[in-house]
Amino acid sequence: MKISYNWLKQYINLDDVTPNELAQKLTTAGIEIEAVEPFVKGTNLVIAKVEACEDHPDSDHLHITKVNDGTNVYQVVCGAPNVKAGIKVIFARSGAKLPGGTIKKTTVRGAESNGMICALFELGVDKKFLREDQINGIEILGDDAVVGEDPIKYLGLDDVVLDASLTPNRADLLGMWALAKEVGAVLRKEVHLPKCPDSALINEPTHFHLASETTKCPYFLGKVVNKVVVKPSPKWMQDQLHAAGIKAINNVVDISNYVMLETGQPLHFYNLAKLANQDIVVKDNIEMSLTALDGISYDVHKDDIVITTNGVPTGLAGIMGGDDSKIDEETTSIFIEAAHFNDVAIRNTARRLGLSTEAATRFIKGIEPMAAKKAVDRCVQLLSELADAEGFEANVEAGSNDYEPIIVKETLQHCNQLLGTNFTAQQVEEVLNALDFKVKREDDEFICHIPSYRTDIKIAQDIDEEVIRLLGYDDLKETLPQMSATVGALDPRQKLRRMIKDILVGMGLNEIVTYTLTKSEHMEDTIMPFGEYVQVMSPLSEDRRYMRSSLMASVLSCIAYNQNRQSANNNLFEISAVTTQDKVQERLAICLSGHLQHDRLHQVAIKSDFYTLKGIIYDILERYGFNESRIMIKENNIDTTHFHPYRSACVYIGKDLLGIFGDVHPSYAAKMDVQNCVYAELLLDVILNNKVSKVRFVPLDKYPSVSRDIALVVKEDVQVQKIIETIKRNSNQLVRNVEVFDIYQGEHVEKGYKSVALNIIYQAGDHTLKDDEINACHNNILDNLQNKLDAKLRG
Amino acid sequence: MEKVQQVKNEGLTAIEACESLEQLNQVRIDYLSKKGHVQGLMSLMKDLSKEEKPAFGQEVNDCKQALTQALEQKMGVLQESALKAKLAQEKIDISVAGHKPIIGTVHPLMMIQQELEDLFVGMGYSVAEGPEMELDLYNFERANLPKDHPARDMQDTFYITPTTLLRTHTTAIQMRVLEQAKGQLPIKLICPGKVYRRDDDDATHSHQFMQMEGLVVGENITLTDLKGTLSFFAKKMFGEDREIRFRPSYFPFTEPSVEVDVTCHMCGGKGCNVCKQTGWIEILGAGMVHPNVLEMSGFDRSKCSGFAFGIGLERVAMLKYGIDDIRNFYTNDVRFLKNFNRFD
């Protein structure tokens, strides 16, 4: 919303407030001013007279001029076709700062040039406001212009435009009258708005017939004006329209726009002679095409509101009028439309047609209930004054405008209680009166009569906001809630997440956060699927259509990104919800590539491989409280598309599938453009849904242990876990620990076999083991290994 | 007797002259072993008179004792210097880098989330969560945003069906908690989470971002309570000497509504590029819970009041760490992530 400072000055004395101060005060009161800019930009400008003008000898279009600014005479090279001796011009002296840059003394094809003769667009005036000749040439000032004075002031363009960003509840401020009231309240100054005679008192009979056949147009106020004279509107009106960003056209059209800017009520003037019939019906449920006054043909759909005469659309209601009945130079009589149209219908139509006109914007944001009446009154006044209008007929109406004034009550005590303030009744009353709420005091109650344009004020809290907004937030104290004590704590799920993060970060992994929305190709690569995919109705792009239901594709994409940027070691994890139509799961993804730890100098290397990943998973589960015996590792027979069929596994807590981990399948890795990745995806709900054991103290061993190393040769498909289990099962409780410290295949071991070296710790809790005891146990173990696994001691 | 004295003196001189434990050992063998010089003196005993023998024996013993003592002392000295020499040989280059196990990083958004959770949990808030695929009911209607409310335009929405959507703010979580509370006071919670809006991604916009909203409902909760709470937050997050200010604003679910600015942490309020020369930075929106919201969720609007605030985690992280492009959070370049190797 562009606010003309000069326009405001018509209503309020702003002599002691600069535009910047006003902007500051409005912003503090909740009307955010985003920019304060002069309508015309340029320094060091002066009115000057062109004393001589000759053609440049080395050019077919340049002129060499002598320009007198009342103090000096300058030689200036000028390319404008309309420059000539004797005219008065806007002269930018050397050093002038214009939107296009700083003017410097220069030489143009051998001729010295000291400054520039300007066109208005060169001073930042939008070309859309200018005539063809103003765009093609320099601005020629009138004879009454005084050399040496300020050309901007002379042209009446010395306005400042405040650009306001309005909150949706204050659509009333799209009207200058309501805005002036607001400024008056903020500055505590009197506001003088134009007083217009009540146009409803005009009693001339009318034959115009008006009807609304749709609930989307609850009220329509119209008036026939039998005589108007179309001509240019006065300069002040043109300037103010331009400052507000609207192009001046002619007095009649300009009045419709000007009154819209004043009252917030979008208006449409019809060329009465061009209306097929003095009969307008507002309809929807029509399908047809219509040429609007921009000359473009639009398809009218059933939901659109249209203005019809004789059943034929003549305008897109609330958005744009029709071409047939538009006001032109020949117009001599008009029909004024001031109607209320449904905001949603206007929004849908405007959006579909891509027409965000000033009128549509105002209907969408909402217009005040009395706007139509105020606007028609004002039109009658201005048409009489500026368009020699006569022959006004009585108002015609369709529907009804049953506006009931709003009364809101608030007490001082409630107001102070909500705000935590100690305002006095006088302070509150002063604010409410500044807002023109016409307050009456009854006991401790303020009874506020809300002006029609303040449609945002409905309840006591709205009053409270006005009070604090205008008395200022700056003095508000800082307190903390006085209430019964509450216990703040993280829940088990939140604690689990923290624990996992602590472990993984401690091990050297980086946490990532990736997008939820993804593409269909990635959805096809969902692992551990659990329901129908969710897709959004109108995605921004196909890449962001689906809600992901697993994390693998997102995380691998992130690995690919980093690997493509020369990052060798990428160890990442993400914890995120994944969603299907029936269910939400929370998953942990871990992806390792390269090394987890690598220090060549000190010869430390932990490879990011299957076993590292497996160890990490065990660490998390054991740290959470699952004994190793409750964690089951089984062959992966669930997903061998995304995982290496022989280098991946499923992990279970008891009988519940916790997740899959292992090497990424080479084909899938190639598709995702990643190398050497191991990946795990685990279901946090499975962790949370299984009970954990309590932390228990185990008495320290009092008796010494004995360590024995053995090397076994077994068939290569014998799982190491089987060897360990066999040892433990046949240990007669004397084996404290079994650790595999080497697995070897190659020279000295028969093909198809492997050598497994183990360390066995023997220990008893109640006595020192004797050699005989250990030997008996050890031999028993060896026998069982031989019998059950065909394991031989390596010679 | 002279002979004894001579052996003693020679022995002491020999001990003194030793430069190594080996030499010292040789001296010990030469003098104190069974065939050593001291023992050799005893052979002179047979030539002595009976009267002379005790004194001579005493003399030899003293000699033995003196040499033994000197030997032990010398051994101590030599052992010590041998140890010193050994240690000197073990000298390492302490300037060589240590083996530094790599420690990973928490994602910066999650760091901010954790810091805020800890801050508010410490003040007695619980941490509530909810689904990202949400009902229109909780995301909009209960938040005083009925169908066709103009403010719905402000937050363009990813709809999934006409009644379900990707939540556009974590207010949806608050509405669920309020409903579950069935009118029971007090309510004191924060709700962090991912939210989604139909914005094209660029340096300052993201179709997905993180919010953390807070909600307190009780008897006589005031606007000053909101200011005090947010001031506490601003100081903890941006520095103890930060101040906050309120500016009027509009949200459908609060009345009054405010935008909250904090004094610029880069310039301390003097004005710089970060705060666009104003000394203030807008950090969040807040307000007093709209009575309609309380009523729709089953609370008696005349008996309670509350405040709510909403913090954008990206915004906080960008300000705090000086990040200039919101897309960094979701690209996860490890070089970016490694910046955040500690909580600030």
# chains A, B, ... in the order shown; residues from 1 in each chain; ligands from 1

call {"tool": "closest_atom_pairs", "arguments": {"of": "chain B", "to": "chain A", "cutoff": "7 Å", "atoms": "only C-alpha atoms", "output": "CSV"}}
result
residue,atom,partner,partner_atom,distance
B:His99,CA,A:His602,CA,6.3
B:Pro101,CA,A:Gln597,CA,6.6
B:Ile102,CA,A:Gly508,CA,5.0
B:Ile103,CA,A:Gly508,CA,4.0
B:Gly104,CA,A:Gly508,CA,3.8
B:Thr105,CA,A:Asn510,CA,4.7
B:Val106,CA,A:Glu511,CA,5.1
B:His107,CA,A:Glu511,CA,5.1
B:Val121,CA,A:Gly488,CA,4.5
B:Gly122,CA,A:Gly488,CA,6.4
B:Met123,CA,A:Gly488,CA,6.9
B:Gly124,CA,A:Gly488,CA,3.9
B:Tyr125,CA,A:Gly488,CA,4.6
B:Ser126,CA,A:Gly488,CA,4.7
B:Val127,CA,A:Leu490,CA,6.4
B:Asp148,CA,A:Val344,CA,6.5
B:Pro150,CA,A:Lys365,CA,6.7
B:Ala151,CA,A:Pro168,CA,6.2
B:Phe158,CA,A:Val536,CA,5.9
B:Tyr159,CA,A:Met537,CA,5.6
B:Ile160,CA,A:Val536,CA,4.4
B:Thr161,CA,A:Met537,CA,6.9
B:Arg198,CA,A:Leu540,CA,6.8
B:Gln208,CA,A:Tyr515,CA,6.9
B:Gly218,CA,A:Met483,CA,6.8
B:Asn220,CA,A:Gln417,CA,6.8
B:Ile221,CA,A:Pro481,CA,6.1
B:Thr222,CA,A:Leu418,CA,4.8
B:Leu223,CA,A:Leu419,CA,4.6
B:Thr224,CA,A:Glu478,CA,5.1
B:Asp225,CA,A:Leu480,CA,4.6
B:Lys227,CA,A:Glu478,CA,5.3
B:Gly228,CA,A:Glu478,CA,4.0
B:Thr229,CA,A:Leu480,CA,6.0
B:Arg245,CA,A:Asp474,CA,6.6
B:Phe246,CA,A:Tyr473,CA,5.9
B:Arg247,CA,A:Thr28,CA,5.9
B:Pro248,CA,A:Gly30,CA,4.4
B:Ser249,CA,A:Gly30,CA,5.6
B:Tyr250,CA,A:Thr167,CA,6.0
B:Glu255,CA,A:Gln461,CA,6.0
B:Pro256,CA,A:Glu465,CA,4.8
B:Tyr330,CA,A:Thr514,CA,5.2
B:Asn332,CA,A:Ile512,CA,5.9
B:Asp333,CA,A:Asn562,CA,6.1
B:Val334,CA,A:Asn562,CA,6.8
B:Leu337,CA,A:Asn510,CA,7.0

call {"tool": "residues_around", "arguments": {"residues": "stretch 132-146 of chain B", "least_positions_apart": "6", "cutoff": "6 Å", "atoms": "only C-alpha atoms", "output": "compact mmCIF listing (two decimals) with N, CA and C atoms, in the first residue's frame"}}
result
# COMPACT_ATOMS: atom_id res chain seq x y z
N THR B 163 -9.20 -32.20 3.57
CA THR B 163 -9.22 -32.03 5.02
C THR B 163 -7.90 -32.36 5.71
N THR B 164 -6.92 -32.84 4.94
CA THR B 164 -5.60 -33.10 5.55
C THR B 164 -4.54 -32.34 4.79
N LEU B 165 -3.46 -32.04 5.50
CA LEU B 165 -2.44 -31.17 4.93
C LEU B 165 -1.12 -31.41 5.65
N LEU B 166 -0.06 -30.87 5.09
CA LEU B 166 1.21 -30.83 5.82
C LEU B 166 1.12 -29.62 6.74
N ARG B 167 1.33 -29.84 8.02
CA ARG B 167 1.11 -28.72 8.95
C ARG B 167 1.95 -27.51 8.54
N ALA B 172 -0.54 -26.47 15.36
CA ALA B 172 -1.39 -27.66 15.29
C ALA B 172 -1.15 -28.57 16.50
N MET B 175 -2.94 -27.21 19.51
CA MET B 175 -4.39 -27.43 19.48
C MET B 175 -4.73 -28.85 19.93
N PRO B 252 -4.10 -14.68 13.71
CA PRO B 252 -5.51 -14.97 14.01
C PRO B 252 -5.68 -15.66 15.36
N PHE B 253 -4.64 -16.35 15.85
CA PHE B 253 -4.80 -17.15 17.06
C PHE B 253 -4.35 -16.43 18.32
N VAL B 293 -9.80 -19.42 20.56
CA VAL B 293 -8.97 -20.63 20.54
C VAL B 293 -9.20 -21.42 21.82

call {"tool": "residues_around", "arguments": {"residues": "stretch 270-284 of chain B", "least_positions_apart": "3", "cutoff": "9 Å", "atoms": "only C-alpha atoms", "output": "list in words"}}
result
Ile244, Arg245, Val258, Glu259, Val260, Asp261, Val262, Thr263, Cys264, His265, Met266, Cys267, Phe309, Gly310, Ile311, Gly312, Arg315, Val316, Leu319 and Gly322 of chain B

call {"tool": "residues_around", "arguments": {"residues": "stretch 766-782 of chain A", "least_positions_apart": "5", "cutoff": "6 Å", "atoms": "only C-alpha atoms", "output": "ChimeraX atom specification"}}
result
/A:703,727,730

call {"tool": "residues_around", "arguments": {"residues": "A:Tyr219", "least_positions_apart": "6", "cutoff": "8 Å", "atoms": "only C-alpha atoms", "output": "list of chain:residue names"}}
result
A:Ser212, A:Ala339, A:His340, A:Phe341, A:Glu397, A:Ala398, A:Gly399, A:Ser400, A:Asn401

call {"tool": "select_by_dssp", "arguments": {"residues": "stretch 140-334 of chain B", "states": "helix (DSSP H, G or I)", "output": "PyMOL selection string"}}
result
chain B and resi 141-143+150-154+171-181+223-238+291-296+313-321+328-331+334

call {"tool": "atom_distance", "arguments": {"atom1": "atom CA of A:Ala360", "atom2": "atom CA of A:Pro38"}}
result
27.6 Å

call {"tool": "select_by_dssp", "arguments": {"residues": "stretch 83-143 of chain B", "states": "strand (DSSP E or B)", "output": "CSV table (one decimal) with N, CA, C and O atoms, in the first residue's frame"}}
result
chain,number,residue,atom,x,y,z
B,105,THR,N,29.1,-34.2,14.7
B,105,THR,CA,28.4,-32.9,14.9
B,105,THR,C,26.9,-33.2,15.0
B,105,THR,O,26.4,-34.0,14.3
B,126,SER,N,6.8,-28.8,29.3
B,126,SER,CA,7.0,-30.1,28.7
B,126,SER,C,7.2,-30.0,27.2
B,126,SER,O,6.9,-28.9,26.7
B,127,VAL,N,7.7,-31.0,26.5
B,127,VAL,CA,7.9,-30.9,25.1
B,127,VAL,C,6.9,-31.8,24.4
B,127,VAL,O,6.9,-33.0,24.5
B,133,MET,N,1.7,-34.8,9.0
B,133,MET,CA,0.5,-34.8,8.2
B,133,MET,C,-0.7,-34.6,9.2
B,133,MET,O,-0.9,-35.4,10.1
B,134,GLU,N,-1.4,-33.4,9.0
B,134,GLU,CA,-2.2,-32.9,10.0
B,134,GLU,C,-3.6,-32.7,9.5
B,134,GLU,O,-3.8,-32.5,8.3
B,135,LEU,N,-4.6,-32.7,10.4
B,135,LEU,CA,-6.0,-32.3,10.0
B,135,LEU,C,-6.1,-30.8,9.9
B,135,LEU,O,-5.5,-30.1,10.7

call {"tool": "residues_around", "arguments": {"residues": "stretch 648-656 of chain A", "least_positions_apart": "3", "cutoff": "6 Å", "atoms": "only C-alpha atoms", "output": "ChimeraX atom specification"}}
result
/A:630-636,644,659-663

call {"tool": "write_last_selection", "arguments": {"atoms": "N, CA and C atoms", "output": "PDB file, in the first residue's frame"}}
result
ATOM      1  N   ARG A 630      19.482 -60.446  23.597  1.00  0.00           N
ATOM      2  CA  ARG A 630      18.161 -60.137  23.037  1.00  0.00           C
ATOM      3  C   ARG A 630      18.249 -59.599  21.619  1.00  0.00           C
ATOM      4  N   ILE A 631      19.468 -59.334  21.176  1.00  0.00           N
ATOM      5  CA  ILE A 631      19.641 -58.791  19.829  1.00  0.00           C
ATOM      6  C   ILE A 631      19.925 -59.956  18.882  1.00  0.00           C
ATOM      7  N   MET A 632      19.074 -60.106  17.889  1.00  0.00           N
ATOM      8  CA  MET A 632      19.222 -61.225  16.944  1.00  0.00           C
ATOM      9  C   MET A 632      19.665 -60.674  15.584  1.00  0.00           C
ATOM     10  N   ILE A 633      20.644 -61.340  15.013  1.00  0.00           N
ATOM     11  CA  ILE A 633      21.060 -60.974  13.668  1.00  0.00           C
ATOM     12  C   ILE A 633      20.669 -62.132  12.754  1.00  0.00           C
ATOM     13  N   LYS A 634      19.903 -61.824  11.721  1.00  0.00           N
ATOM     14  CA  LYS A 634      19.498 -62.889  10.797  1.00  0.00           C
ATOM     15  C   LYS A 634      19.845 -62.475   9.376  1.00  0.00           C
ATOM     16  N   GLU A 635      19.901 -63.491   8.523  1.00  0.00           N
ATOM     17  CA  GLU A 635      20.189 -63.181   7.125  1.00  0.00           C
ATOM     18  C   GLU A 635      19.122 -62.261   6.569  1.00  0.00           C
ATOM     19  N   ASN A 636      19.534 -61.369   5.700  1.00  0.00           N
ATOM     20  CA  ASN A 636      18.583 -60.429   5.111  1.00  0.00           C
ATOM     21  C   ASN A 636      17.825 -61.126   3.993  1.00  0.00           C
ATOM     22  N   HIS A 644      23.264 -55.452  -0.394  1.00  0.00           N
ATOM     23  CA  HIS A 644      24.077 -56.551  -0.891  1.00  0.00           C
ATOM     24  C   HIS A 644      23.531 -57.849  -0.290  1.00  0.00           C
ATOM     25  N   GLY A 659      15.358 -53.551  12.023  1.00  0.00           N
ATOM     26  CA  GLY A 659      15.814 -52.873  10.815  1.00  0.00           C
ATOM     27  C   GLY A 659      16.726 -53.738   9.974  1.00  0.00           C
ATOM     28  N   ILE A 660      17.231 -53.136   8.904  1.00  0.00           N
ATOM     29  CA  ILE A 660      18.151 -53.812   7.989  1.00  0.00           C
ATOM     30  C   ILE A 660      19.430 -52.990   7.936  1.00  0.00           C
ATOM     31  N   PHE A 661      20.563 -53.693   7.845  1.00  0.00           N
ATOM     32  CA  PHE A 661      21.806 -52.939   7.667  1.00  0.00           C
ATOM     33  C   PHE A 661      22.778 -53.755   6.833  1.00  0.00           C
ATOM     34  N   GLY A 662      23.722 -53.046   6.251  1.00  0.00           N
ATOM     35  CA  GLY A 662      24.749 -53.741   5.490  1.00  0.00           C
ATOM     36  C   GLY A 662      25.210 -52.930   4.299  1.00  0.00           C
ATOM     37  N   ASP A 663      25.976 -53.579   3.421  1.00  0.00           N
ATOM     38  CA  ASP A 663      26.477 -52.890   2.233  1.00  0.00           C
ATOM     39  C   ASP A 663      25.310 -52.529   1.315  1.00  0.00           C
TER      40      ASP A 663
END

call {"tool": "atom_distance", "arguments": {"atom1": "atom CA of A:Asp284", "atom2": "atom CA of A:Val306"}}
result
6.0 Å

call {"tool": "atom_distance", "arguments": {"atom1": "atom CA of A:Val40", "atom2": "atom CA of A:Pro234"}}
result
19.4 Å

call {"tool": "residues_around", "arguments": {"residues": "B:Phe343", "least_positions_apart": "3", "cutoff": "12 Å", "atoms": "only C-alpha atoms", "output": "PyMOL selection string"}}
result
chain B and resi 105-116+237+317+320-321+339-340

call {"tool": "write_last_selection", "arguments": {"atoms": "N, CA and C atoms", "output": "PDB file, in the first residue's frame"}}
result
ATOM      1  N   THR B 105      29.130 -34.196  14.676  1.00  0.00           N
ATOM      2  CA  THR B 105      28.431 -32.938  14.943  1.00  0.00           C
ATOM      3  C   THR B 105      26.928 -33.157  14.992  1.00  0.00           C
ATOM      4  N   VAL B 106      26.280 -32.369  15.837  1.00  0.00           N
ATOM      5  CA  VAL B 106      24.819 -32.314  15.842  1.00  0.00           C
ATOM      6  C   VAL B 106      24.417 -31.276  14.801  1.00  0.00           C
ATOM      7  N   HIS B 107      23.382 -31.555  14.041  1.00  0.00           N
ATOM      8  CA  HIS B 107      22.923 -30.598  13.022  1.00  0.00           C
ATOM      9  C   HIS B 107      22.560 -29.275  13.700  1.00  0.00           C
ATOM     10  N   PRO B 108      22.964 -28.154  13.084  1.00  0.00           N
ATOM     11  CA  PRO B 108      22.752 -26.860  13.756  1.00  0.00           C
ATOM     12  C   PRO B 108      21.295 -26.597  14.153  1.00  0.00           C
ATOM     13  N   LEU B 109      20.345 -27.043  13.336  1.00  0.00           N
ATOM     14  CA  LEU B 109      18.941 -26.834  13.715  1.00  0.00           C
ATOM     15  C   LEU B 109      18.607 -27.629  14.971  1.00  0.00           C
ATOM     16  N   MET B 110      19.179 -28.832  15.036  1.00  0.00           N
ATOM     17  CA  MET B 110      18.902 -29.681  16.197  1.00  0.00           C
ATOM     18  C   MET B 110      19.612 -29.134  17.442  1.00  0.00           C
ATOM     19  N   MET B 111      20.763 -28.478  17.211  1.00  0.00           N
ATOM     20  CA  MET B 111      21.439 -27.850  18.342  1.00  0.00           C
ATOM     21  C   MET B 111      20.568 -26.764  18.942  1.00  0.00           C
ATOM     22  N   ILE B 112      20.007 -25.939  18.056  1.00  0.00           N
ATOM     23  CA  ILE B 112      19.131 -24.867  18.543  1.00  0.00           C
ATOM     24  C   ILE B 112      17.928 -25.482  19.253  1.00  0.00           C
ATOM     25  N   GLN B 113      17.369 -26.519  18.642  1.00  0.00           N
ATOM     26  CA  GLN B 113      16.204 -27.176  19.254  1.00  0.00           C
ATOM     27  C   GLN B 113      16.551 -27.702  20.651  1.00  0.00           C
ATOM     28  N   GLN B 114      17.700 -28.380  20.750  1.00  0.00           N
ATOM     29  CA  GLN B 114      18.101 -28.925  22.055  1.00  0.00           C
ATOM     30  C   GLN B 114      18.311 -27.829  23.083  1.00  0.00           C
ATOM     31  N   GLU B 115      18.970 -26.760  22.654  1.00  0.00           N
ATOM     32  CA  GLU B 115      19.222 -25.666  23.591  1.00  0.00           C
ATOM     33  C   GLU B 115      17.913 -25.093  24.110  1.00  0.00           C
ATOM     34  N   LEU B 116      16.961 -24.920  23.170  1.00  0.00           N
ATOM     35  CA  LEU B 116      15.674 -24.346  23.571  1.00  0.00           C
ATOM     36  C   LEU B 116      14.905 -25.316  24.454  1.00  0.00           C
ATOM     37  N   MET B 237      19.805 -17.159  24.542  1.00  0.00           N
ATOM     38  CA  MET B 237      20.148 -17.578  23.179  1.00  0.00           C
ATOM     39  C   MET B 237      21.155 -16.625  22.534  1.00  0.00           C
ATOM     40  N   ALA B 317      19.132 -19.855  14.083  1.00  0.00           N
ATOM     41  CA  ALA B 317      20.454 -20.401  13.742  1.00  0.00           C
ATOM     42  C   ALA B 317      21.184 -19.473  12.775  1.00  0.00           C
ATOM     43  N   LYS B 320      22.342 -16.465  14.806  1.00  0.00           N
ATOM     44  CA  LYS B 320      23.337 -16.805  15.813  1.00  0.00           C
ATOM     45  C   LYS B 320      24.676 -17.172  15.178  1.00  0.00           C
ATOM     46  N   TYR B 321      24.618 -17.917  14.094  1.00  0.00           N
ATOM     47  CA  TYR B 321      25.866 -18.400  13.498  1.00  0.00           C
ATOM     48  C   TYR B 321      26.285 -17.621  12.245  1.00  0.00           C
ATOM     49  N   ASN B 339      31.242 -27.058  10.950  1.00  0.00           N
ATOM     50  CA  ASN B 339      31.316 -25.790  11.677  1.00  0.00           C
ATOM     51  C   ASN B 339      30.710 -25.897  13.070  1.00  0.00           C
ATOM     52  N   PHE B 340      29.759 -26.805  13.198  1.00  0.00           N
ATOM     53  CA  PHE B 340      28.940 -26.799  14.415  1.00  0.00           C
ATOM     54  C   PHE B 340      29.395 -27.914  15.347  1.00  0.00           C
TER      55      PHE B 340
END

call {"tool": "decode", "arguments": {"residues": "stretch 235-247 of chain B", "atoms": "N, CA, C and O atoms", "output": "PDB file, in the first residue's frame"}}
result
ATOM      1  N   LYS B 235      18.036 -13.625  26.100  1.00  0.00           N
ATOM      2  CA  LYS B 235      19.316 -13.500  26.799  1.00  0.00           C
ATOM      3  C   LYS B 235      20.098 -14.816  26.738  1.00  0.00           C
ATOM      4  O   LYS B 235      21.302 -14.835  26.516  1.00  0.00           O
ATOM      5  N   LYS B 236      19.400 -15.921  26.949  1.00  0.00           N
ATOM      6  CA  LYS B 236      20.080 -17.223  26.935  1.00  0.00           C
ATOM      7  C   LYS B 236      20.581 -17.560  25.529  1.00  0.00           C
ATOM      8  O   LYS B 236      21.617 -18.185  25.360  1.00  0.00           O
ATOM      9  N   MET B 237      19.805 -17.159  24.542  1.00  0.00           N
ATOM     10  CA  MET B 237      20.148 -17.578  23.179  1.00  0.00           C
ATOM     11  C   MET B 237      21.155 -16.625  22.534  1.00  0.00           C
ATOM     12  O   MET B 237      22.032 -17.046  21.805  1.00  0.00           O
ATOM     13  N   PHE B 238      21.025 -15.343  22.802  1.00  0.00           N
ATOM     14  CA  PHE B 238      21.847 -14.357  22.084  1.00  0.00           C
ATOM     15  C   PHE B 238      22.785 -13.569  22.978  1.00  0.00           C
ATOM     16  O   PHE B 238      23.529 -12.729  22.498  1.00  0.00           O
ATOM     17  N   GLY B 239      22.739 -13.791  24.295  1.00  0.00           N
ATOM     18  CA  GLY B 239      23.674 -13.071  25.167  1.00  0.00           C
ATOM     19  C   GLY B 239      22.948 -12.330  26.278  1.00  0.00           C
ATOM     20  O   GLY B 239      21.858 -11.807  26.078  1.00  0.00           O
ATOM     21  N   GLU B 240      23.595 -12.275  27.438  1.00  0.00           N
ATOM     22  CA  GLU B 240      22.940 -11.752  28.635  1.00  0.00           C
ATOM     23  C   GLU B 240      22.540 -10.287  28.530  1.00  0.00           C
ATOM     24  O   GLU B 240      21.617  -9.835  29.185  1.00  0.00           O
ATOM     25  N   ASP B 241      23.251  -9.523  27.683  1.00  0.00           N
ATOM     26  CA  ASP B 241      22.900  -8.101  27.642  1.00  0.00           C
ATOM     27  C   ASP B 241      21.895  -7.764  26.533  1.00  0.00           C
ATOM     28  O   ASP B 241      21.719  -6.620  26.168  1.00  0.00           O
ATOM     29  N   ARG B 242      21.236  -8.797  26.004  1.00  0.00           N
ATOM     30  CA  ARG B 242      20.216  -8.531  24.995  1.00  0.00           C
ATOM     31  C   ARG B 242      18.938  -7.997  25.641  1.00  0.00           C
ATOM     32  O   ARG B 242      18.623  -8.323  26.776  1.00  0.00           O
ATOM     33  N   GLU B 243      18.240  -7.148  24.874  1.00  0.00           N
ATOM     34  CA  GLU B 243      16.922  -6.696  25.314  1.00  0.00           C
ATOM     35  C   GLU B 243      15.937  -7.022  24.209  1.00  0.00           C
ATOM     36  O   GLU B 243      16.318  -7.215  23.070  1.00  0.00           O
ATOM     37  N   ILE B 244      14.649  -7.061  24.580  1.00  0.00           N
ATOM     38  CA  ILE B 244      13.653  -7.292  23.541  1.00  0.00           C
ATOM     39  C   ILE B 244      12.647  -6.142  23.530  1.00  0.00           C
ATOM     40  O   ILE B 244      12.520  -5.403  24.492  1.00  0.00           O
ATOM     41  N   ARG B 245      11.962  -6.023  22.409  1.00  0.00           N
ATOM     42  CA  ARG B 245      10.845  -5.071  22.345  1.00  0.00           C
ATOM     43  C   ARG B 245       9.701  -5.724  21.573  1.00  0.00           C
ATOM     44  O   ARG B 245       9.924  -6.627  20.748  1.00  0.00           O
ATOM     45  N   PHE B 246       8.507  -5.274  21.865  1.00  0.00           N
ATOM     46  CA  PHE B 246       7.312  -5.751  21.169  1.00  0.00           C
ATOM     47  C   PHE B 246       6.882  -4.708  20.147  1.00  0.00           C
ATOM     48  O   PHE B 246       6.946  -3.517  20.414  1.00  0.00           O
ATOM     49  N   ARG B 247       6.416  -5.195  18.996  1.00  0.00           N
ATOM     50  CA  ARG B 247       5.739  -4.336  18.026  1.00  0.00           C
ATOM     51  C   ARG B 247       4.402  -4.955  17.719  1.00  0.00           C
ATOM     52  O   ARG B 247       4.298  -6.177  17.606  1.00  0.00           O
TER      53      ARG B 247
END
